[in-house]
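Let me begin by presenting the structure, written as structure tokens, before commenting on it.
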Amino acid sequence: ARPPTPAGASSVALRPPGGMASGETCFVGLAAAAALGVGGLVHRRQRSFRLSRRVLEKAEELWQRMSPTDDGKTVTREGATKHFGVKFGKLSVDCMFDEVDINNDKAMTKEEWDDFWVGVRRAGYSEDSIIEELDNMLAGSAWVDWRDGRNPAHPNKAVSSSSKWLRK
């Protein structure tokens, strides 16, 4: 049986059986928890990361440019293609959806989007690096393959991050 999700929660605390030291808890976004199944096994200890206002504003700007649905909660492949266009369109959209659309329903939710950027930060990228790449994508560059443990659709063709701020 799954534990209930608190009303209005954006993350769920998971305590894997026998996994962590006394009292330690992992926090994962609800989208990730749904993909794992709340109460699923999450065995490694994770630090909690919060993104700065600057990163959140840039990520929101890119989200808005991808033509979200009327309620603002979902971006479809068609909407994303409107932003990425013909220059990098299909490859960028495929790579982005493979990394962000956790439940593979062919639509990214705002929650999946926000959780993705927290995951990029957790993977060791600096906020300056994230902002630089968001600026590049806003200016028309391709989606980058963040080295965050998620795999894009075309790993041999995905554009790797060229940021001078790459994690060490």
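Going through the structure tokens in order, the chains are called A, B, and so on, while each chain numbers its residues from 1 and the ligands are numbered from 1 in the order shown.
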Taking only C-alpha atoms into account, produce a table as JSON lines in which each residue of region 60-95 of chain A with an atom at most 10 Å from an atom of region 125-135 of chain A appears once, together with its shortest atom pair and the distance in Å to one decimal, ordered by chain and rising number.
{"residue": "A:Glu60", "atom": "CA", "partner": "A:Leu134", "partner_atom": "CA", "distance": 10.0}
{"residue": "A:Glu61", "atom": "CA", "partner": "A:Leu134", "partner_atom": "CA", "distance": 9.0}
{"residue": "A:Leu62", "atom": "CA", "partner": "A:Leu134", "partner_atom": "CA", "distance": 7.3}
- Task: List every residue of region 73-158 of chain A that DSSP, applied to the backbone of this structure, assigns to alpha helix (DSSP H), and report them as a VMD selection string.
- Result: chain A and resid 77 to 100 110 to 122 127 to 138
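Take CA of Asp148 (chain A) and CA of Gly85 (chain A): the distance between them is 25.1 Å.
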- Message: Which residues are near region 66-77 of chain A? Cut-off 9 Å, only C-alpha atoms, ignore same chain within fewer than 2 positions. Put them as a ChimeraX atom specification.
- Response: /A:61-64,79-84,90,93-94,97,106-111
- Message: When you count only C-alpha atoms, which of these residues is closest to Gly140 (chain A): A:Arg65, A:Arg53, A:Asp105, A:Arg121?
- Response: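 Under the stated criterion, the closest residue is A:Arg65.
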- Query: Mind pulling up the distance from CA of Val100 (chain A) to CA of Glu112 (chain A)?
  - Reply: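 Those two atoms sit 6.1 Å apart.
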